[in-house]
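Down below is the structure, laid out as structure tokens.
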Amino acid sequence: MDQRLGQISSRRWSGHGQICSNHFARDHGFRFRHGGYWWRCNFWGAHSYCNQLIAIGFAPGLCWGWYDDICWGNIVVGMPIDLIGYYYPDQVYTTYTTYDGDEATVYYYALGDGQYKRVTVVDGNVVDVQIVDEIV
């Protein structure tokens, strides 16, 4: 993984303002424009975010594990909600509930096959992830 991160971070890019622009294609989900190409994940933003987490004291192995997960579109328990936005920029629906007695926010992200990824968040961290057929 360190080799891949080194390759990504050592590249020289032009048009830095285009990194965060996004585009949605029904068959391919969200895309980010960078270097003249459309990418499935905002690798550069996620990389920067993970570096910031490490700088404030998070374990590097944990952060790079999250980075690898989000670059493949996986959301895992414990992941900060802010990191999810680098792969899924917009949720289609948000609601509020309780989770083990704590106030929680539930986000629904559209998947390409008509299903939704339901992500439950407490205090900014993911506590539950499920694939569902409909928004409840």
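Every chain in the structure tokens has a letter given in the order shown (A, B, ...), and although residue numbers restart at 1 in each chain, ligands are simply numbered from 1 in the order shown.
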Cut-off 8 Å: closest stretch 60-108 of chain A/stretch 121-134 of chain A atom pairs per residue, using only C-alpha atoms, as CSV:
residue,atom,partner,partner_atom,distance
A:Ile75,CA,A:Val129,CA,7.0
A:Val76,CA,A:Val126,CA,7.0
A:Val77,CA,A:Val126,CA,5.0
A:Gly78,CA,A:Val126,CA,5.0
A:Met79,CA,A:Val126,CA,5.4
A:Pro80,CA,A:Asn125,CA,4.5
A:Ile81,CA,A:Gly124,CA,5.6
A:Asp82,CA,A:Gly124,CA,7.7
A:Tyr99,CA,A:Val122,CA,7.6
A:Asp102,CA,A:Val122,CA,7.0
A:Glu103,CA,A:Val122,CA,6.6
A:Ala104,CA,A:Val122,CA,4.8
A:Thr105,CA,A:Val121,CA,5.2
A:Val106,CA,A:Val121,CA,6.2
A:Tyr107,CA,A:Val121,CA,7.9
Please produce a file of the residues just selected, as a short mmCIF file (atom, residue, chain, number, x, y, z; two decimals), in the first residue's frame, where the atoms kept are N, CA and C atoms.
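The result, stored in part.cif:
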data_model
loop_
_atom_site.label_atom_id
_atom_site.label_comp_id
_atom_site.auth_asym_id
_atom_site.auth_seq_id
_atom_site.Cartn_x
_atom_site.Cartn_y
_atom_site.Cartn_z
N ILE A 75 -17.53 0.84 3.13
CA ILE A 75 -17.69 1.63 4.35
C ILE A 75 -17.64 0.64 5.51
N VAL A 76 -16.77 0.92 6.49
CA VAL A 76 -16.59 -0.01 7.59
C VAL A 76 -16.91 0.66 8.93
N VAL A 77 -17.26 -0.16 9.90
CA VAL A 77 -17.56 0.34 11.24
C VAL A 77 -16.31 1.01 11.81
N GLY A 78 -16.52 2.19 12.41
CA GLY A 78 -15.43 2.96 12.99
C GLY A 78 -14.91 4.06 12.09
N MET A 79 -15.20 3.98 10.80
CA MET A 79 -14.73 4.98 9.84
C MET A 79 -15.40 6.33 10.10
N PRO A 80 -14.64 7.43 10.03
CA PRO A 80 -15.26 8.75 10.19
C PRO A 80 -16.20 9.05 9.01
N ILE A 81 -17.32 9.67 9.30
CA ILE A 81 -18.31 9.98 8.25
C ILE A 81 -17.72 10.91 7.19
N ASP A 82 -16.80 11.78 7.57
CA ASP A 82 -16.21 12.72 6.61
C ASP A 82 -15.43 12.00 5.52
N TYR A 99 -29.36 4.57 18.41
CA TYR A 99 -28.58 3.36 18.24
C TYR A 99 -27.94 3.04 19.58
N ASP A 102 -27.97 5.91 21.98
CA ASP A 102 -27.36 7.18 21.55
C ASP A 102 -28.11 7.74 20.34
N GLU A 103 -28.13 9.06 20.23
CA GLU A 103 -28.71 9.68 19.04
C GLU A 103 -27.84 9.35 17.84
N ALA A 104 -28.49 8.97 16.75
CA ALA A 104 -27.76 8.56 15.55
C ALA A 104 -28.38 9.18 14.31
N THR A 105 -27.56 9.32 13.28
CA THR A 105 -28.01 9.77 11.97
C THR A 105 -27.84 8.61 11.02
N VAL A 106 -28.86 8.37 10.19
CA VAL A 106 -28.81 7.29 9.21
C VAL A 106 -28.78 7.91 7.82
N TYR A 107 -27.75 7.55 7.06
CA TYR A 107 -27.58 8.04 5.69
C TYR A 107 -27.82 6.89 4.73
#
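Residue nearest A:Thr98 within the list A:Trp44, A:Thr120, A:Gly61, A:Tyr67: A:Thr120 [criterion: smallest interatomic distance, only C-alpha atoms].
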Pull the strand (DSSP E) assignments for stretch 59-119 of chain A out of DSSP run on the backbone, and list those residues as a PyMOL selection string.
chain A and resi 93-99+102-110+116-119
Serialized selection, N, CA and C atoms, as a PDB file, in the first residue's frame:
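Writing the result to out.pdb gives the following:
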ATOM      1  N   TYR A  93     -30.810  10.157   1.089  1.00  0.00           N
ATOM      2  CA  TYR A  93     -31.800  10.375   2.135  1.00  0.00           C
ATOM      3  C   TYR A  93     -31.092  10.320   3.481  1.00  0.00           C
ATOM      4  N   THR A  94     -31.570  11.138   4.419  1.00  0.00           N
ATOM      5  CA  THR A  94     -31.020  11.177   5.776  1.00  0.00           C
ATOM      6  C   THR A  94     -32.168  11.174   6.765  1.00  0.00           C
ATOM      7  N   THR A  95     -32.011  10.421   7.839  1.00  0.00           N
ATOM      8  CA  THR A  95     -33.007  10.394   8.898  1.00  0.00           C
ATOM      9  C   THR A  95     -32.290  10.274  10.241  1.00  0.00           C
ATOM     10  N   TYR A  96     -33.037  10.461  11.307  1.00  0.00           N
ATOM     11  CA  TYR A  96     -32.464  10.415  12.650  1.00  0.00           C
ATOM     12  C   TYR A  96     -33.145   9.320  13.457  1.00  0.00           C
ATOM     13  N   THR A  97     -32.367   8.660  14.312  1.00  0.00           N
ATOM     14  CA  THR A  97     -32.875   7.557  15.119  1.00  0.00           C
ATOM     15  C   THR A  97     -31.999   7.425  16.363  1.00  0.00           C
ATOM     16  N   THR A  98     -32.155   6.341  17.073  1.00  0.00           N
ATOM     17  CA  THR A  98     -31.249   6.037  18.188  1.00  0.00           C
ATOM     18  C   THR A  98     -30.559   4.717  17.893  1.00  0.00           C
ATOM     19  N   TYR A  99     -29.356   4.574  18.410  1.00  0.00           N
ATOM     20  CA  TYR A  99     -28.578   3.356  18.236  1.00  0.00           C
ATOM     21  C   TYR A  99     -27.938   3.037  19.577  1.00  0.00           C
ATOM     22  N   ASP A 102     -27.968   5.914  21.981  1.00  0.00           N
ATOM     23  CA  ASP A 102     -27.361   7.178  21.549  1.00  0.00           C
ATOM     24  C   ASP A 102     -28.106   7.737  20.340  1.00  0.00           C
ATOM     25  N   GLU A 103     -28.127   9.060  20.230  1.00  0.00           N
ATOM     26  CA  GLU A 103     -28.711   9.681  19.039  1.00  0.00           C
ATOM     27  C   GLU A 103     -27.839   9.347  17.835  1.00  0.00           C
ATOM     28  N   ALA A 104     -28.487   8.969  16.746  1.00  0.00           N
ATOM     29  CA  ALA A 104     -27.756   8.555  15.548  1.00  0.00           C
ATOM     30  C   ALA A 104     -28.378   9.182  14.308  1.00  0.00           C
ATOM     31  N   THR A 105     -27.557   9.319  13.284  1.00  0.00           N
ATOM     32  CA  THR A 105     -28.006   9.775  11.975  1.00  0.00           C
ATOM     33  C   THR A 105     -27.841   8.610  11.016  1.00  0.00           C
ATOM     34  N   VAL A 106     -28.860   8.374  10.189  1.00  0.00           N
ATOM     35  CA  VAL A 106     -28.811   7.287   9.211  1.00  0.00           C
ATOM     36  C   VAL A 106     -28.778   7.912   7.823  1.00  0.00           C
ATOM     37  N   TYR A 107     -27.752   7.549   7.061  1.00  0.00           N
ATOM     38  CA  TYR A 107     -27.580   8.044   5.695  1.00  0.00           C
ATOM     39  C   TYR A 107     -27.823   6.887   4.732  1.00  0.00           C
ATOM     40  N   TYR A 108     -28.474   7.187   3.617  1.00  0.00           N
ATOM     41  CA  TYR A 108     -28.694   6.204   2.561  1.00  0.00           C
ATOM     42  C   TYR A 108     -27.930   6.669   1.322  1.00  0.00           C
ATOM     43  N   TYR A 109     -27.074   5.799   0.798  1.00  0.00           N
ATOM     44  CA  TYR A 109     -26.308   6.084  -0.412  1.00  0.00           C
ATOM     45  C   TYR A 109     -26.764   5.130  -1.503  1.00  0.00           C
ATOM     46  N   ALA A 110     -27.027   5.665  -2.692  1.00  0.00           N
ATOM     47  CA  ALA A 110     -27.499   4.844  -3.805  1.00  0.00           C
ATOM     48  C   ALA A 110     -26.357   4.001  -4.363  1.00  0.00           C
ATOM     49  N   TYR A 116     -29.508   0.296  -1.761  1.00  0.00           N
ATOM     50  CA  TYR A 116     -28.954   1.418  -1.004  1.00  0.00           C
ATOM     51  C   TYR A 116     -28.019   0.901   0.079  1.00  0.00           C
ATOM     52  N   LYS A 117     -27.009   1.679   0.361  1.00  0.00           N
ATOM     53  CA  LYS A 117     -26.133   1.387   1.489  1.00  0.00           C
ATOM     54  C   LYS A 117     -26.613   2.262   2.634  1.00  0.00           C
ATOM     55  N   ARG A 118     -27.111   1.624   3.712  1.00  0.00           N
ATOM     56  CA  ARG A 118     -27.607   2.349   4.876  1.00  0.00           C
ATOM     57  C   ARG A 118     -26.477   2.421   5.902  1.00  0.00           C
ATOM     58  N   VAL A 119     -26.083   3.647   6.234  1.00  0.00           N
ATOM     59  CA  VAL A 119     -24.950   3.879   7.127  1.00  0.00           C
ATOM     60  C   VAL A 119     -25.456   4.610   8.362  1.00  0.00           C
TER      61      VAL A 119
END
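Candidate residues A:Gln52, A:Gly101, A:Val136, A:Gly114 were compared for distance to A:Leu83, and the nearest is A:Gln52, using only C-alpha atoms.
Of note, atom CA of A:Cys50 and atom CA of A:Trp64 are spaced 6.9 Å apart.
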How would you write, as a VMD selection string, the set of residues in stretch 41-84 of chain A that DSSP gives as helix (DSSP H, G or I)?
chain A and resid 43 to 55 60 to 71 81 to 84
